[in-house]
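**Student:** Questions regarding the structure given below will be posed in turn.
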Amino acid sequence: MNLLIRPLCAALAWLLLAPASAQVLTSPLGTPSAPPAATGGAAAGAAPAAVPQSPAQGQGPGVHSPLSPFAPLKPRDDIVAWPVLTDLKTEVKNRRIVPVYPAAVNALNQKTQRVQGFMLPLSPGEQQRHFLLASVPPTCQFCTPGGPESMVEVRTREPVKYSLGAVVVEGKFHVLQNDPYGLYYRMTEAVGVK
């Protein structure tokens with residue numbers, strides 16, 4: 001079900017946020033389309049605008065949108081960087097899509113790590129003990145901002161105050177092999193870090 005909702009939410013957000021003055025727009029799924037003003041057809045003899053075949057580098061699911069009101073995460077040496085966690089491949093086994101982790105990710109398993117990201121609460125309240133930490137801020141209240149490679153499920157020792165901005169958590173990091181919820185990463189016994 002989530003596989004159907006995510007593209008629909010992304011397409012809706014694209015339609016609402018797309019600049020009307022753009023010559024050619026590219027949807028979040030990489031499909032080129034004409035701007036609303038150009039749908040009536042081009043003027044006779046006018047050359048068609050160039051159509052990009054794929055999203056520009058740094059765009060797409062799990063990547064910080066330049067239209068976001070939140071600043072992107074600044075690189076830090078004391079945390080596991082998202083490009084490390086998102087640099088994996090998937091394969092189909094027994095009709096399921098499963099992750100194939102590189103050695104750099106497998107080396108993080110069962111060790112204390114720090115991760116920085118944006119909170120996606122799993123229950124109401126200002127204090128959170130169980131939430132998802134995402135690589136980019138959420139843009140839709142009904143869908144996740146990226147795939148499972150761009151999120152970490154976090155369970156804390158003590159509640160962490162909810163924040164719209166980026167937070168850093170530290171805890172025991174788990175690289176998941178066959179999670180029933182389709183998650184790739186989990187952090188337990190976590191604490192908030194200033």
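As shown in the structure tokens, the chain order sets the letters A, B, ...; within each chain, residues go from 1, and ligands are also counted from 1 in the order they appear.
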Each residue of region 87-131 of chain A with at least one atom at most 6 Å from region 166-175 of chain A should appear once, together with its nearest atom pair and the corresponding distance in Å (one decimal); atoms considered: only C-alpha atoms; ordering: chain, then increasing residue number; output as JSON lines.
**Tutor:**
{"residue": "A:Asn109", "atom": "CA", "partner": "A:His174", "partner_atom": "CA", "distance": 4.9}
{"residue": "A:Gln110", "atom": "CA", "partner": "A:Phe173", "partner_atom": "CA", "distance": 5.3}
{"residue": "A:Lys111", "atom": "CA", "partner": "A:Lys172", "partner_atom": "CA", "distance": 5.4}
{"residue": "A:Thr112", "atom": "CA", "partner": "A:Lys172", "partner_atom": "CA", "distance": 4.4}
{"residue": "A:Gln113", "atom": "CA", "partner": "A:Glu170", "partner_atom": "CA", "distance": 5.6}
{"residue": "A:Arg114", "atom": "CA", "partner": "A:Glu170", "partner_atom": "CA", "distance": 4.3}
{"residue": "A:Val115", "atom": "CA", "partner": "A:Val168", "partner_atom": "CA", "distance": 5.6}
{"residue": "A:Gln116", "atom": "CA", "partner": "A:Val168", "partner_atom": "CA", "distance": 4.2}
{"residue": "A:Gly117", "atom": "CA", "partner": "A:Ala166", "partner_atom": "CA", "distance": 5.1}
{"residue": "A:Phe118", "atom": "CA", "partner": "A:Ala166", "partner_atom": "CA", "distance": 4.9}
**Student:** Find, counting only C-alpha atoms, the residue in A:Cys140, A:Met119, A:Leu85, A:Ile79 that gets nearest to Lys161 (chain A).
**Tutor:**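 So, comparing all the options, the nearest one is A:Met119.
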**Student:** Contacts of region 97-107 of chain A at 9 Å or less, counting only C-alpha atoms, minus same-chain residues fewer than 6 places along, as a list of chain:residue names?
**Tutor:**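 My list of contacting residues is A:Val84, A:Leu85, A:Asp87, A:Leu88, A:Lys89, A:Thr90, A:Glu91, A:Glu149, A:Val175, A:Leu176, A:Gln177, A:Asn178, A:Gly182, A:Tyr184.
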**Student:** Fewer than 6 positions away in the same chain doesn't count, so skip those; otherwise give me all residues within 12 Å of region 121-130 of chain A, counting only C-alpha atoms, as a PyMOL selection string.
**Tutor:** chain A and resi 138+141-142+144+152-164+169+186-192
**Student:** Between CA of Val136 (chain A) and CA of Ala71 (chain A), what is the distance in Å, rounded to a tenth?
**Tutor:**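 We find that CA of Val136 (chain A) and CA of Ala71 (chain A) lie 9.5 Å from each other.
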**Student:** Can you work out which one of A:Leu108, A:Leu67, A:Cys143, A:Leu132 has the shortest atom-to-atom distance to Leu183 (chain A), counting only C-alpha atoms?
**Tutor:**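 Using only C-alpha atoms, Leu183 (chain A) sits closest to A:Leu132.
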**Student:** Nearest residue to Gly146 (chain A) out of A:Tyr181, A:Val92, A:Pro69, A:Thr86, using only C-alpha atoms?
**Tutor:**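 Comparing A:Tyr181, A:Val92, A:Pro69, A:Thr86 against Gly146 (chain A), the winner is A:Thr86.
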